[in-house]
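Asker: Structure: model.txt, compact mmCIF, C-alpha atoms.
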```
# COMPACT_ATOMS: atom_id res chain seq x y z
CA MET C 10 21.36 57.90 -143.64
CA ALA C 11 17.68 58.70 -143.58
CA ASP C 12 17.98 59.34 -139.85
CA LEU C 13 20.54 62.05 -140.48
CA SER C 14 18.22 63.80 -142.87
CA HIS C 15 15.48 64.00 -140.29
CA GLY C 16 17.71 64.70 -137.32
CA THR C 17 17.51 63.25 -133.86
CA GLY C 18 15.46 66.01 -132.28
CA ASP C 19 11.94 67.22 -132.77
CA ALA C 20 12.79 69.66 -135.56
CA PRO C 21 10.27 69.58 -138.40
CA ALA C 22 11.24 67.79 -141.60
CA HIS C 23 12.11 70.03 -144.54
CA HIS C 24 10.48 68.31 -147.50
CA GLN C 25 9.26 69.43 -150.88
CA LEU C 26 6.79 67.72 -153.19
CA THR C 27 9.67 65.63 -154.57
CA GLY C 28 10.06 63.93 -151.20
CA ILE C 29 13.66 65.14 -150.96
CA ASP C 30 14.82 67.21 -148.01
CA SER C 31 14.83 70.81 -149.26
CA ARG C 32 18.25 71.47 -147.75
CA LYS C 33 19.75 68.47 -149.53
CA LEU C 34 18.10 69.54 -152.77
CA GLY C 35 19.50 73.03 -152.29
CA MET C 36 22.98 71.61 -151.76
CA TRP C 37 22.75 69.56 -154.97
CA VAL C 38 21.63 72.64 -156.91
CA PHE C 39 24.51 74.63 -155.43
CA LEU C 40 27.04 71.92 -156.27
CA SER C 41 25.70 71.68 -159.82
CA SER C 42 26.34 75.39 -160.30
CA GLU C 43 29.82 74.93 -158.82
CA PHE C 44 30.58 72.17 -161.33
CA LEU C 45 29.76 74.64 -164.11
CA PHE C 46 31.91 77.30 -162.44
CA PHE C 47 34.95 75.05 -162.18
CA GLY C 48 34.31 73.71 -165.67
CA ALA C 49 34.66 77.26 -166.97
CA LEU C 50 37.89 77.82 -164.98
CA ILE C 51 39.39 74.54 -166.21
CA ASN C 52 38.45 75.32 -169.79
CA ASN C 53 40.00 78.77 -169.42
CA TYR C 54 43.30 77.27 -168.23
CA LEU C 55 43.36 74.66 -170.99
CA LEU C 56 42.74 77.41 -173.52
CA PHE C 57 45.83 79.37 -172.48
CA LYS C 58 48.31 76.76 -171.29
CA GLY C 59 49.52 75.85 -174.79
CA ARG C 60 49.73 79.34 -176.24
CA ASP C 61 52.99 81.07 -177.10
CA PHE C 62 53.47 84.27 -175.10
CA GLY C 63 56.81 85.18 -176.57
CA PRO C 64 60.48 84.34 -175.97
CA GLY C 65 61.39 83.62 -172.37
CA ALA C 66 57.78 83.31 -171.23
CA LEU C 67 57.40 81.24 -168.07
CA TYR C 68 54.59 78.69 -167.87
CA PRO C 69 53.17 76.89 -164.79
CA VAL C 70 53.93 73.49 -166.33
CA GLU C 71 57.66 74.25 -166.20
CA LEU C 72 57.56 74.47 -162.39
CA TYR C 73 55.25 71.60 -161.48
CA ASP C 74 56.55 69.27 -158.77
CA ILE C 75 54.43 66.23 -159.58
CA PRO C 76 55.64 64.05 -156.65
CA PHE C 77 54.86 66.82 -154.15
CA THR C 78 51.44 67.56 -155.67
CA SER C 79 50.71 63.82 -155.80
CA ILE C 80 51.27 63.57 -152.05
CA SER C 81 49.03 66.59 -151.43
CA SER C 82 46.38 65.03 -153.66
CA PHE C 83 46.59 61.75 -151.75
CA VAL C 84 46.11 63.63 -148.47
CA LEU C 85 42.99 65.33 -149.82
CA LEU C 86 41.59 62.06 -151.15
CA MET C 87 42.14 60.40 -147.76
CA SER C 88 40.04 63.18 -146.24
CA SER C 89 37.07 61.82 -148.20
CA LEU C 90 37.52 58.54 -146.34
CA THR C 91 37.60 60.25 -142.95
CA MET C 92 34.48 62.22 -143.94
CA VAL C 93 32.70 58.95 -144.73
CA LEU C 94 33.81 57.57 -141.35
CA ALA C 95 32.45 60.67 -139.60
CA HIS C 96 29.09 60.26 -141.31
CA SER C 97 29.03 56.55 -140.51
CA ALA C 98 29.88 57.20 -136.85
CA LEU C 99 27.03 59.71 -136.54
CA ALA C 100 24.63 57.23 -138.14
CA ARG C 101 25.62 54.75 -135.43
CA GLY C 102 25.13 57.39 -132.76
CA ASP C 103 28.83 57.38 -131.85
CA GLN C 104 29.36 61.07 -131.12
CA ASP C 105 32.97 60.69 -129.94
CA GLN C 106 34.03 59.00 -133.17
CA THR C 107 32.09 61.60 -135.14
CA LYS C 108 34.09 64.42 -133.54
CA THR C 109 37.36 62.54 -134.08
CA TRP C 110 36.77 61.97 -137.78
CA LEU C 111 35.50 65.50 -138.35
CA PHE C 112 38.68 66.90 -136.81
CA ALA C 113 40.75 64.43 -138.86
CA THR C 114 39.05 65.55 -142.07
CA ALA C 115 39.63 69.20 -141.20
CA LEU C 116 43.30 68.46 -140.43
CA LEU C 117 43.85 66.70 -143.76
CA GLY C 118 42.18 69.58 -145.59
CA THR C 119 44.45 72.02 -143.77
CA VAL C 120 47.52 70.01 -144.76
CA PHE C 121 46.40 70.12 -148.39
CA VAL C 122 45.87 73.89 -148.35
CA SER C 123 49.24 74.38 -146.63
CA GLY C 124 50.86 72.41 -149.43
CA GLN C 125 49.11 74.58 -151.98
CA PHE C 126 50.37 77.76 -150.30
CA PHE C 127 53.88 76.29 -150.31
CA GLU C 128 53.56 75.51 -154.01
CA PHE C 129 52.37 79.03 -154.79
CA GLY C 130 55.27 80.45 -152.82
CA GLU C 131 57.76 78.35 -154.77
CA PHE C 132 56.22 79.40 -158.08
CA ILE C 133 56.35 83.09 -157.17
CA LEU C 134 59.98 82.79 -156.05
CA HIS C 135 60.80 81.36 -159.48
CA GLY C 136 59.11 84.31 -161.17
CA LEU C 137 55.68 82.87 -161.98
CA LYS C 138 53.54 85.75 -160.77
CA LEU C 139 49.80 86.12 -161.25
CA ASN C 140 50.06 88.74 -163.99
CA ILE C 141 53.08 87.39 -165.89
CA ASN C 142 50.91 85.88 -168.65
CA PRO C 143 47.34 84.56 -169.16
CA ALA C 144 48.40 80.94 -168.54
CA ALA C 145 49.75 81.83 -165.08
CA SER C 146 46.67 83.92 -164.30
CA ALA C 147 44.37 81.06 -165.33
CA PHE C 148 46.37 78.58 -163.23
CA TYR C 149 46.25 80.71 -160.09
CA MET C 150 42.55 81.45 -160.57
CA LEU C 151 41.67 77.78 -160.95
CA THR C 152 43.78 76.32 -158.15
CA GLY C 153 43.27 79.35 -155.92
CA PHE C 154 39.48 79.12 -156.08
CA HIS C 155 39.69 75.41 -155.35
CA GLY C 156 41.90 76.13 -152.34
CA LEU C 157 39.33 78.68 -151.14
CA HIS C 158 36.63 76.02 -151.36
CA VAL C 159 38.78 73.67 -149.28
CA VAL C 160 39.24 76.41 -146.64
CA LEU C 161 35.47 76.95 -146.49
CA GLY C 162 34.98 73.20 -146.10
CA VAL C 163 37.51 73.06 -143.26
CA LEU C 164 35.67 75.89 -141.49
CA MET C 165 32.35 74.05 -141.81
CA LEU C 166 33.92 70.87 -140.44
CA LEU C 167 35.38 72.73 -137.47
CA VAL C 168 32.02 74.37 -136.75
CA LEU C 169 30.41 70.93 -136.69
CA ALA C 170 33.13 69.43 -134.52
CA PHE C 171 33.18 72.26 -131.96
CA LYS C 172 29.40 72.39 -131.85
CA SER C 173 29.39 68.67 -131.13
CA MET C 174 31.86 69.23 -128.27
CA ARG C 175 29.78 72.06 -126.84
CA THR C 176 26.38 70.39 -127.04
CA GLY C 177 27.41 66.78 -126.52
CA GLY C 178 26.32 65.64 -129.96
CA LEU C 179 25.11 66.62 -133.41
CA SER C 180 21.59 66.69 -134.75
CA GLU C 181 19.62 68.44 -137.46
CA ALA C 182 18.00 70.66 -134.85
CA GLU C 183 21.43 72.19 -134.08
CA GLY C 184 21.78 73.60 -137.57
CA LEU C 185 24.55 72.16 -139.69
CA ASN C 186 24.23 68.65 -141.02
CA VAL C 187 27.13 66.21 -141.43
CA GLU C 188 25.61 64.70 -144.54
CA LEU C 189 25.36 68.06 -146.32
CA VAL C 190 28.90 69.07 -145.37
CA GLY C 191 30.00 65.63 -146.55
CA LEU C 192 28.42 66.21 -149.95
CA TYR C 193 30.29 69.50 -150.24
CA TRP C 194 33.58 67.90 -149.16
CA HIS C 195 33.30 65.05 -151.66
CA PHE C 196 32.57 67.61 -154.37
CA VAL C 197 35.79 69.46 -153.48
CA ASP C 198 37.74 66.20 -153.73
CA ILE C 199 36.21 65.23 -157.07
CA ILE C 200 37.00 68.64 -158.54
CA TRP C 201 40.61 68.30 -157.42
CA ILE C 202 40.93 64.91 -159.14
CA VAL C 203 39.82 66.56 -162.39
CA ILE C 204 42.21 69.48 -161.87
CA PHE C 205 45.13 67.22 -160.98
CA VAL C 206 44.66 65.06 -164.07
CA LEU C 207 43.95 67.80 -166.61
CA VAL C 208 46.29 70.49 -165.27
CA TYR C 209 49.19 68.59 -163.71
CA LEU C 210 49.36 65.16 -165.33
CA ILE C 211 48.36 65.90 -168.93
CA GLN C 212 51.19 68.11 -170.13
```
Spell out the structure here as structure tokens.
Answerer:
Amino acid sequence: MADLSHGTGDAPAHHQLTGIDSRKLGMWVFLSSEFLFFGALINNYLLFKGRDFGPGALYPVELYDIPFTSISSFVLLMSSLTMVLAHSALARGDQDQTKTWLFATALLGTVFVSGQFFEFGEFILHGLKLNINPAASAFYMLTGFHGLHVVLGVLMLLVLAFKSMRTGGLSEAEGLNVELVGLYWHFVDIIWIVIFVLVYLIQ
């Protein structure tokens, strides 16, 4: 793993006085701020989900399809495994396997987002629109922002994979780093576990 931090080329190391690669430190700081951001969104949803918005009010919990969302969640969690395999392959110097697992991770992320779009479509067809009540707004904000993070992660994975195809391999000198993208991807998965448990499973 240390090799990935330094790269395989002659690019200079990016270290601070802490001895930690400055880019990795920056990623951890960014992810820490994102934890706070999602914590606020989750708290906002929990605040509104149990409130009474009048007779006939429609709530997200009434439309949840737990088996479907469980499958989507499993797909996203499996993408963490393929991300680990991509990182491991790069550490071994196996560029072909690295590309394969990066594409696999991106594919699983795309499947998850597609499932989320399908879920949103079903909810809207049943009348649960963004502005129908604060609980619906909070739900769409929380899960929508998470979906956006998954999309950004998929784009980063594809950039890495296509760059590897174009240059014949990945290294720190080429810009993006598999380890940093992996940290981001695992963060996205962890956040979804929290959302799935607190929003979908705990009624």
Asker: Which of these, C:Gln104, C:Gln125, C:Thr152, C:Gln212, has the shortest distance to Lys172 (chain C) once you count all atoms listed in the file?
Answerer: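 Nearest to Lys172 (chain C): C:Gln104.
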Asker: Enumerate, in order of chain and increasing residue number, the residues of region 68-121 of chain C with an atom no farther than 12 Å from region 136-150 of chain C, each with its shortest atom pair and distance in Å to one decimal, counting only C-alpha atoms, as a tab-separated table.
Answerer:
```
residue	atom	partner	partner_atom	distance
C:Tyr68	CA	C:Ala145	CA	6.4
C:Pro69	CA	C:Ala145	CA	6.0
C:Val70	CA	C:Ala145	CA	9.4
C:Glu71	CA	C:Leu137	CA	9.8
C:Leu72	CA	C:Leu137	CA	8.6
C:Tyr73	CA	C:Leu137	CA	11.3
```
Asker: Could you tell me which of C:Ile199, C:Val208, C:Leu99, C:Ile75 comes closest to Ala170 (chain C) if we count all atoms listed in the file?
Answerer: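 Of all the options, C:Leu99 lies closest to Ala170 (chain C).
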Asker: Compile the contact shell of region 78-89 of chain C as a list in words: residues with an atom at most 6 Å away, counting only C-alpha atoms, same-chain residues fewer than 3 positions apart removed.
Answerer: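 Contacts, with the query itself left out: Ile75, Met92, Thr114, Leu117 and Phe121 of chain C.
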Asker: Using Å and a single decimal, report how far CA of Leu116 (chain C) sits from CA of Thr176 (chain C).
Answerer: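 Pair CA of Thr176 (chain C) / CA of Leu116 (chain C) returns 21.7 Å.
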Asker: Could you work out how far CA of Leu111 (chain C) lies from CA of Leu94 (chain C), giving the answer in Å with one decimal?
Answerer: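 So the answer is 8.6 Å.
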Asker: Which residue out of C:Gly118, C:Gly177, C:Ser123, C:Leu169 has the minimum interatomic distance to Asp198 (chain C) when all atoms listed in the file are used?
Answerer: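 Using all atoms listed in the file, Asp198 (chain C) sits closest to C:Gly118.
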Asker: Using all atoms listed in the file, find the one residue out of C:His155, C:Glu131, C:Asn186, C:Leu67 that sits nearest to Ile202 (chain C).
Answerer: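 Smallest distance to Ile202 (chain C) is found for C:His155.
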